[in-house]
Amino acid sequence: WPLMAPYIKAINELKQTRNAVILAHNYQTPEIFHCVADIGGDSLQLAIEATKVKSDIIVQCGVHFMAETSKILNPQKTVLIPDSRAGCSLASSITGADVRLLRERFPGVPVVAYVNTSADVKAEVDICCTSSNAVQVVESLHAPTVIFLPDQYLAKYVASQTDVKIIAWKGACEVHERFTGEELRSFREADPSVQIIAHPECPPDVLAEADFTGSTAHMINWVRNKHPKRVVMITECSMADNVMAELPDVEIVRPCNLCPHMKRITLPKILDSLVTLREEVTIDPAIAEKARRSVERMINLRN
Ligand code: 13P
Ligand code: SF4
């Protein structure tokens with residue numbers, strides 16, 4: 001990335017001066033993920049790493065709910081997002097008021113929120129989950145029925161893996177809902193030996209055609225461990241770029257569905273963020289306190 005080299009150098013220097021750490025999601029572009037990030041990962045890994053940060057400043061290279069999660073877990077630290085417009089179609093599909101209405105409609109039924117939600121929503125639920133641990137979180141509640149929000153497809157995937165009855169919200173990821181089972185079948189027809197792996201935010205007809213379903217980190221680990229000759233990655237396409245840079249001998253087919261929100265984060269904006277210390281993520285402390293309980297309850301499940 002020769003044109004980007006001055007930005008990479010400046011960001012890495014300023015990071016030291018500012019005592020800042022850069023957390024990057026697997027969907028960030030390779031020049032961010034491989035050249036300036038201190039820690040990369042899926043939503044769960046980033047949340048766990050956020051609890052261990054020693055630096056004064058966290059620069060979150062991802063979408064807004066990820067930066068909010070870091071702030072929820074680090075109320076005393078400065079959390080910056082290089083572009084606060086980096087949203088998520090799942091997070092914007094539901095509000096805290098919607099959760100209160102659901103509770104009225106289904107009294108006593110516990111509520112699980114995917115981390116792809118605002119702090120307001122996290123404050124109203126019993127526990128959070130990510131695509132890495134959704135089944136484990138739902139089963140940890142020992143309830144016959146659970147409300148799962150906001151991703152209808154992740155909810156369907158969880159329902160297919162457990163006996164717990166799932167009541168789902170109607171949200172969807174604008175990137176993953178575009179994949180179709182037909183698209184996957186055509187990859188297999190073109191090469192019957194190809195391996196296909198998919199994120200659980202995809203619709204059920206897509207997951208039915210996949211050889212493996214998992215979170216972004218689980219998908220990466222699957223490729224690292226299986227080392228297939230050729231693999232189709234049914235997810236946001238920067239992740240395939242990042243894996244290609246790490247494993248050049250694996251042929252990766254990537255249908256190029258980009259997340260426009262993730263792509264708002266660029267090297268120039270990261271540099272600007274470190275220079276100006278903007279944009280700072282703020283959350284009403286009373287909401288953050290309640291949201292922290294839901295996020296920490298999820299993190300503590302690992303132990
Ligand atoms: P992961 O937690 O699997 O990284 O997913 C986050 C996300 O936004 C997927 O679209
Ligand atoms: Fe949200 Fe989908 Fe983008 Fe992930 S890929 S941040 S779920 S819109």
# chains A, B, ... in the order shown; residues from 1 in each chain; ligands from 1
$ closest_atom_pairs --of "segment 183-262 of chain A" --to "segment 56-68 of chain A" --cutoff "10 Å" --atoms "only C-alpha atoms" --output "tab-separated table"
residue	atom	partner	partner_atom	distance
A:Cys259	CA	A:Val63	CA	9.9
A:His261	CA	A:Val63	CA	6.5
A:Met262	CA	A:Gly62	CA	5.6
$ residues_near_ligand --ligand "ligand 2" --cutoff "9 Å" --atoms "only C-alpha atoms and all ligand atoms" --output "list in words"
Tyr27, Gly62, Val63, His64, Phe65, Met66, Ala86, Gly87, Cys88, Ser89, Leu90, Ala91, Asn116, Asp151, Ala172, Cys173, Glu174, Val175, His176, Glu177, Glu201, Thr235, Glu236, Asn257, Leu258, Cys259, Pro260, His261 and Met262 of chain A
$ write_last_selection --atoms "N, CA and C atoms" --output "CSV table (one decimal), in the first residue's frame"
chain,number,residue,atom,x,y,z
A,27,TYR,N,-13.6,-6.7,9.4
A,27,TYR,CA,-14.0,-6.2,8.2
A,27,TYR,C,-13.3,-4.9,7.8
A,62,GLY,N,-14.2,0.3,13.4
A,62,GLY,CA,-15.3,-0.6,13.2
A,62,GLY,C,-16.5,0.3,13.2
A,63,VAL,N,-17.7,-0.2,13.5
A,63,VAL,CA,-18.9,0.6,13.5
A,63,VAL,C,-19.3,1.1,14.9
A,64,HIS,N,-20.3,2.0,14.9
A,64,HIS,CA,-20.5,2.8,16.2
A,64,HIS,C,-20.8,1.9,17.3
A,65,PHE,N,-21.6,0.8,17.1
A,65,PHE,CA,-22.0,0.0,18.3
A,65,PHE,C,-20.7,-0.7,18.9
A,66,MET,N,-19.7,-0.9,18.1
A,66,MET,CA,-18.5,-1.5,18.6
A,66,MET,C,-17.7,-0.5,19.5
A,86,ALA,N,-20.6,5.8,11.0
A,86,ALA,CA,-20.4,4.3,10.7
A,86,ALA,C,-21.5,3.5,11.6
A,87,GLY,N,-22.6,3.3,11.0
A,87,GLY,CA,-23.7,2.7,11.7
A,87,GLY,C,-23.8,1.2,11.4
A,88,CYS,N,-25.0,0.7,11.5
A,88,CYS,CA,-25.2,-0.8,11.2
A,88,CYS,C,-26.7,-0.9,11.1
A,89,SER,N,-27.2,-1.6,10.0
A,89,SER,CA,-28.6,-1.8,9.8
A,89,SER,C,-29.3,-2.6,10.9
A,90,LEU,N,-28.5,-3.4,11.6
A,90,LEU,CA,-29.1,-4.2,12.7
A,90,LEU,C,-29.3,-3.2,13.9
A,91,ALA,N,-28.3,-2.5,14.2
A,91,ALA,CA,-28.4,-1.6,15.4
A,91,ALA,C,-29.5,-0.6,15.2
A,116,ASN,N,-24.8,-6.1,18.2
A,116,ASN,CA,-25.0,-5.2,17.1
A,116,ASN,C,-26.3,-4.4,17.5
A,151,ASP,N,-31.5,-9.5,15.1
A,151,ASP,CA,-31.2,-10.2,13.8
A,151,ASP,C,-32.1,-11.4,13.6
A,172,ALA,N,-32.3,-7.1,10.0
A,172,ALA,CA,-31.4,-7.9,9.1
A,172,ALA,C,-30.1,-7.1,8.8
A,173,CYS,N,-29.0,-7.8,8.6
A,173,CYS,CA,-27.8,-7.1,8.1
A,173,CYS,C,-27.9,-6.9,6.6
A,174,GLU,N,-27.7,-5.6,6.2
A,174,GLU,CA,-27.9,-5.3,4.8
A,174,GLU,C,-26.9,-5.9,3.9
A,175,VAL,N,-25.8,-6.4,4.5
A,175,VAL,CA,-24.7,-7.0,3.7
A,175,VAL,C,-25.0,-8.5,3.5
A,176,HIS,N,-25.3,-9.2,4.6
A,176,HIS,CA,-25.5,-10.6,4.6
A,176,HIS,C,-26.9,-11.0,4.0
A,177,GLU,N,-27.9,-10.2,4.1
A,177,GLU,CA,-29.2,-10.6,3.6
A,177,GLU,C,-29.2,-10.6,2.1
A,201,GLU,N,-25.4,-14.4,10.0
A,201,GLU,CA,-26.3,-13.3,9.6
A,201,GLU,C,-27.0,-13.5,8.3
A,235,THR,N,-19.3,-13.5,3.3
A,235,THR,CA,-19.4,-12.4,4.4
A,235,THR,C,-18.9,-11.2,3.7
A,236,GLU,N,-18.6,-10.1,4.5
A,236,GLU,CA,-18.1,-8.9,4.0
A,236,GLU,C,-16.7,-9.1,3.4
A,257,ASN,N,-19.5,-8.2,-1.3
A,257,ASN,CA,-20.5,-7.4,-0.6
A,257,ASN,C,-19.7,-6.6,0.4
A,258,LEU,N,-19.7,-5.3,0.2
A,258,LEU,CA,-19.0,-4.4,1.2
A,258,LEU,C,-20.0,-3.9,2.2
A,259,CYS,N,-19.6,-3.7,3.4
A,259,CYS,CA,-20.4,-3.0,4.4
A,259,CYS,C,-20.1,-1.5,4.3
A,260,PRO,N,-21.0,-0.7,3.8
A,260,PRO,CA,-20.7,0.8,3.6
A,260,PRO,C,-20.3,1.5,4.9
A,261,HIS,N,-20.8,0.9,6.0
A,261,HIS,CA,-20.5,1.6,7.3
A,261,HIS,C,-19.1,1.3,7.8
A,262,MET,N,-18.7,0.1,7.6
A,262,MET,CA,-17.3,-0.3,8.0
A,262,MET,C,-16.3,0.5,7.1
$ residues_near_ligand --ligand "ligand 1" --cutoff "6 Å" --atoms "only C-alpha atoms and all ligand atoms" --output "number ranges by chain"
A: 42-44, 130-131, 215-216
$ closest_residue --among "A:His25, A:Lys170, A:Lys165, A:Arg264" --to "Gln152 of chain A" --atoms "only C-alpha atoms"
A:Lys170
$ closest_residue --among "A:Thr282, A:Asn19, A:Thr29, A:Met4" --to "Ile265 of chain A" --atoms "only C-alpha atoms"
A:Thr29
$ residues_around --residues "Ala217 of chain A" --least-positions-apart "5" --cutoff "8 Å" --atoms "only C-alpha atoms" --output "PyMOL selection string"
chain A and resi 26+41-42+132
$ decode --residues "segment 22-68 of chain A" --atoms "N, CA and C atoms" --output "mmCIF file, in the first residue's frame"
data_model
loop_
_atom_site.group_PDB
_atom_site.id
_atom_site.type_symbol
_atom_site.label_atom_id
_atom_site.label_comp_id
_atom_site.auth_asym_id
_atom_site.auth_seq_id
_atom_site.Cartn_x
_atom_site.Cartn_y
_atom_site.Cartn_z
ATOM 1 N N ILE A 22 -5.295 0.910 18.969
ATOM 2 C CA ILE A 22 -6.269 0.817 17.871
ATOM 3 C C ILE A 22 -6.854 -0.593 17.831
ATOM 4 N N LEU A 23 -8.184 -0.663 17.996
ATOM 5 C CA LEU A 23 -8.901 -1.942 17.885
ATOM 6 C C LEU A 23 -9.587 -1.971 16.524
ATOM 7 N N ALA A 24 -9.404 -3.045 15.771
ATOM 8 C CA ALA A 24 -9.997 -3.101 14.428
ATOM 9 C C ALA A 24 -10.795 -4.384 14.229
ATOM 10 N N HIS A 25 -11.988 -4.226 13.669
ATOM 11 C CA HIS A 25 -12.810 -5.400 13.350
ATOM 12 C C HIS A 25 -12.261 -6.088 12.097
ATOM 13 N N ASN A 26 -12.582 -7.396 11.978
ATOM 14 C CA ASN A 26 -12.135 -8.194 10.826
ATOM 15 C C ASN A 26 -12.571 -7.623 9.479
ATOM 16 N N TYR A 27 -13.564 -6.740 9.442
ATOM 17 C CA TYR A 27 -14.042 -6.173 8.178
ATOM 18 C C TYR A 27 -13.303 -4.887 7.799
ATOM 19 N N GLN A 28 -12.326 -4.475 8.567
ATOM 20 C CA GLN A 28 -11.563 -3.290 8.167
ATOM 21 C C GLN A 28 -10.621 -3.670 7.022
ATOM 22 N N THR A 29 -10.293 -2.688 6.205
ATOM 23 C CA THR A 29 -9.455 -2.966 5.032
ATOM 24 C C THR A 29 -8.035 -3.374 5.474
ATOM 25 N N PRO A 30 -7.306 -4.122 4.627
ATOM 26 C CA PRO A 30 -6.010 -4.661 5.053
ATOM 27 C C PRO A 30 -5.011 -3.602 5.536
ATOM 28 N N GLU A 31 -5.012 -2.410 4.921
ATOM 29 C CA GLU A 31 -4.019 -1.413 5.367
ATOM 30 C C GLU A 31 -4.310 -0.946 6.789
ATOM 31 N N ILE A 32 -5.580 -1.021 7.200
ATOM 32 C CA ILE A 32 -5.922 -0.693 8.596
ATOM 33 C C ILE A 32 -5.661 -1.919 9.469
ATOM 34 N N PHE A 33 -6.213 -3.060 9.020
ATOM 35 C CA PHE A 33 -6.172 -4.280 9.839
ATOM 36 C C PHE A 33 -4.733 -4.750 10.080
ATOM 37 N N HIS A 34 -3.924 -4.724 9.008
ATOM 38 C CA HIS A 34 -2.572 -5.290 9.139
ATOM 39 C C HIS A 34 -1.503 -4.244 9.465
ATOM 40 N N CYS A 35 -1.752 -2.957 9.166
ATOM 41 C CA CYS A 35 -0.655 -1.986 9.282
ATOM 42 C C CYS A 35 -0.760 -1.019 10.464
ATOM 43 N N VAL A 36 -1.953 -0.750 10.976
ATOM 44 C CA VAL A 36 -2.020 0.193 12.105
ATOM 45 C C VAL A 36 -2.735 -0.376 13.345
ATOM 46 N N ALA A 37 -3.529 -1.430 13.157
ATOM 47 C CA ALA A 37 -4.286 -1.964 14.307
ATOM 48 C C ALA A 37 -3.351 -2.663 15.295
ATOM 49 N N ASP A 38 -3.629 -2.479 16.594
ATOM 50 C CA ASP A 38 -2.885 -3.220 17.620
ATOM 51 C C ASP A 38 -3.565 -4.556 17.876
ATOM 52 N N ILE A 39 -4.892 -4.532 17.808
ATOM 53 C CA ILE A 39 -5.661 -5.751 18.053
ATOM 54 C C ILE A 39 -6.753 -5.843 16.999
ATOM 55 N N GLY A 40 -6.881 -7.022 16.377
ATOM 56 C CA GLY A 40 -7.952 -7.226 15.404
ATOM 57 C C GLY A 40 -8.798 -8.399 15.863
ATOM 58 N N GLY A 41 -10.054 -8.455 15.418
ATOM 59 C CA GLY A 41 -10.858 -9.608 15.787
ATOM 60 C C GLY A 41 -12.315 -9.452 15.466
ATOM 61 N N ASP A 42 -13.111 -10.434 15.959
ATOM 62 C CA ASP A 42 -14.566 -10.337 15.795
ATOM 63 C C ASP A 42 -15.138 -9.524 16.954
ATOM 64 N N SER A 43 -16.448 -9.376 16.981
ATOM 65 C CA SER A 43 -17.060 -8.511 18.008
ATOM 66 C C SER A 43 -16.742 -8.997 19.418
ATOM 67 N N LEU A 44 -16.762 -10.329 19.626
ATOM 68 C CA LEU A 44 -16.512 -10.849 20.968
ATOM 69 C C LEU A 44 -15.059 -10.600 21.374
ATOM 70 N N GLN A 45 -14.134 -10.911 20.454
ATOM 71 C CA GLN A 45 -12.716 -10.704 20.788
ATOM 72 C C GLN A 45 -12.451 -9.230 21.096
ATOM 73 N N LEU A 46 -13.052 -8.329 20.319
ATOM 74 C CA LEU A 46 -12.804 -6.897 20.540
ATOM 75 C C LEU A 46 -13.379 -6.456 21.894
ATOM 76 N N ALA A 47 -14.551 -6.995 22.243
ATOM 77 C CA ALA A 47 -15.139 -6.633 23.544
ATOM 78 C C ALA A 47 -14.244 -7.144 24.679
ATOM 79 N N ILE A 48 -13.746 -8.372 24.532
ATOM 80 C CA ILE A 48 -12.883 -8.933 25.584
ATOM 81 C C ILE A 48 -11.583 -8.131 25.674
ATOM 82 N N GLU A 49 -10.998 -7.816 24.522
ATOM 83 C CA GLU A 49 -9.749 -7.046 24.521
ATOM 84 C C GLU A 49 -9.965 -5.661 25.119
ATOM 85 N N ALA A 50 -11.151 -5.087 24.885
ATOM 86 C CA ALA A 50 -11.434 -3.745 25.420
ATOM 87 C C ALA A 50 -11.379 -3.743 26.947
ATOM 88 N N THR A 51 -11.659 -4.899 27.580
ATOM 89 C CA THR A 51 -11.607 -4.938 29.053
ATOM 90 C C THR A 51 -10.156 -4.957 29.555
ATOM 91 N N LYS A 52 -9.194 -5.206 28.637
ATOM 92 C CA LYS A 52 -7.795 -5.358 29.082
ATOM 93 C C LYS A 52 -6.929 -4.153 28.728
ATOM 94 N N VAL A 53 -7.520 -3.167 28.046
ATOM 95 C CA VAL A 53 -6.722 -2.047 27.535
ATOM 96 C C VAL A 53 -6.113 -1.233 28.678
ATOM 97 N N LYS A 54 -4.810 -0.916 28.541
ATOM 98 C CA LYS A 54 -4.122 -0.110 29.560
ATOM 99 C C LYS A 54 -3.997 1.344 29.094
ATOM 100 N N SER A 55 -4.059 1.585 27.783
ATOM 101 C CA SER A 55 -3.846 2.929 27.239
ATOM 102 C C SER A 55 -4.978 3.873 27.642
ATOM 103 N N ASP A 56 -4.698 5.192 27.508
ATOM 104 C CA ASP A 56 -5.708 6.202 27.878
ATOM 105 C C ASP A 56 -6.789 6.322 26.815
ATOM 106 N N ILE A 57 -6.397 6.024 25.575
ATOM 107 C CA ILE A 57 -7.304 6.279 24.447
ATOM 108 C C ILE A 57 -7.491 5.001 23.638
ATOM 109 N N ILE A 58 -8.749 4.729 23.261
ATOM 110 C CA ILE A 58 -9.040 3.619 22.340
ATOM 111 C C ILE A 58 -9.559 4.236 21.049
ATOM 112 N N VAL A 59 -8.941 3.876 19.926
ATOM 113 C CA VAL A 59 -9.493 4.286 18.627
ATOM 114 C C VAL A 59 -10.157 3.040 18.047
ATOM 115 N N GLN A 60 -11.489 3.118 17.868
ATOM 116 C CA GLN A 60 -12.222 1.938 17.414
ATOM 117 C C GLN A 60 -12.386 1.999 15.905
ATOM 118 N N CYS A 61 -11.750 1.072 15.211
ATOM 119 C CA CYS A 61 -11.923 0.990 13.763
ATOM 120 C C CYS A 61 -12.954 -0.107 13.508
ATOM 121 N N GLY A 62 -14.175 0.336 13.381
ATOM 122 C CA GLY A 62 -15.309 -0.564 13.220
ATOM 123 C C GLY A 62 -16.528 0.322 13.179
ATOM 124 N N VAL A 63 -17.681 -0.231 13.542
ATOM 125 C CA VAL A 63 -18.897 0.597 13.495
ATOM 126 C C VAL A 63 -19.254 1.099 14.893
ATOM 127 N N HIS A 64 -20.256 1.992 14.927
ATOM 128 C CA HIS A 64 -20.512 2.753 16.151
ATOM 129 C C HIS A 64 -20.843 1.868 17.349
ATOM 130 N N PHE A 65 -21.624 0.777 17.134
ATOM 131 C CA PHE A 65 -21.974 -0.033 18.305
ATOM 132 C C PHE A 65 -20.734 -0.676 18.916
ATOM 133 N N MET A 66 -19.703 -0.928 18.096
ATOM 134 C CA MET A 66 -18.470 -1.526 18.627
ATOM 135 C C MET A 66 -17.739 -0.511 19.511
ATOM 136 N N ALA A 67 -17.724 0.762 19.063
ATOM 137 C CA ALA A 67 -17.089 1.815 19.857
ATOM 138 C C ALA A 67 -17.874 2.028 21.152
ATOM 139 N N GLU A 68 -19.199 1.939 21.065
ATOM 140 C CA GLU A 68 -20.013 2.075 22.286
ATOM 141 C C GLU A 68 -19.693 0.941 23.263
#
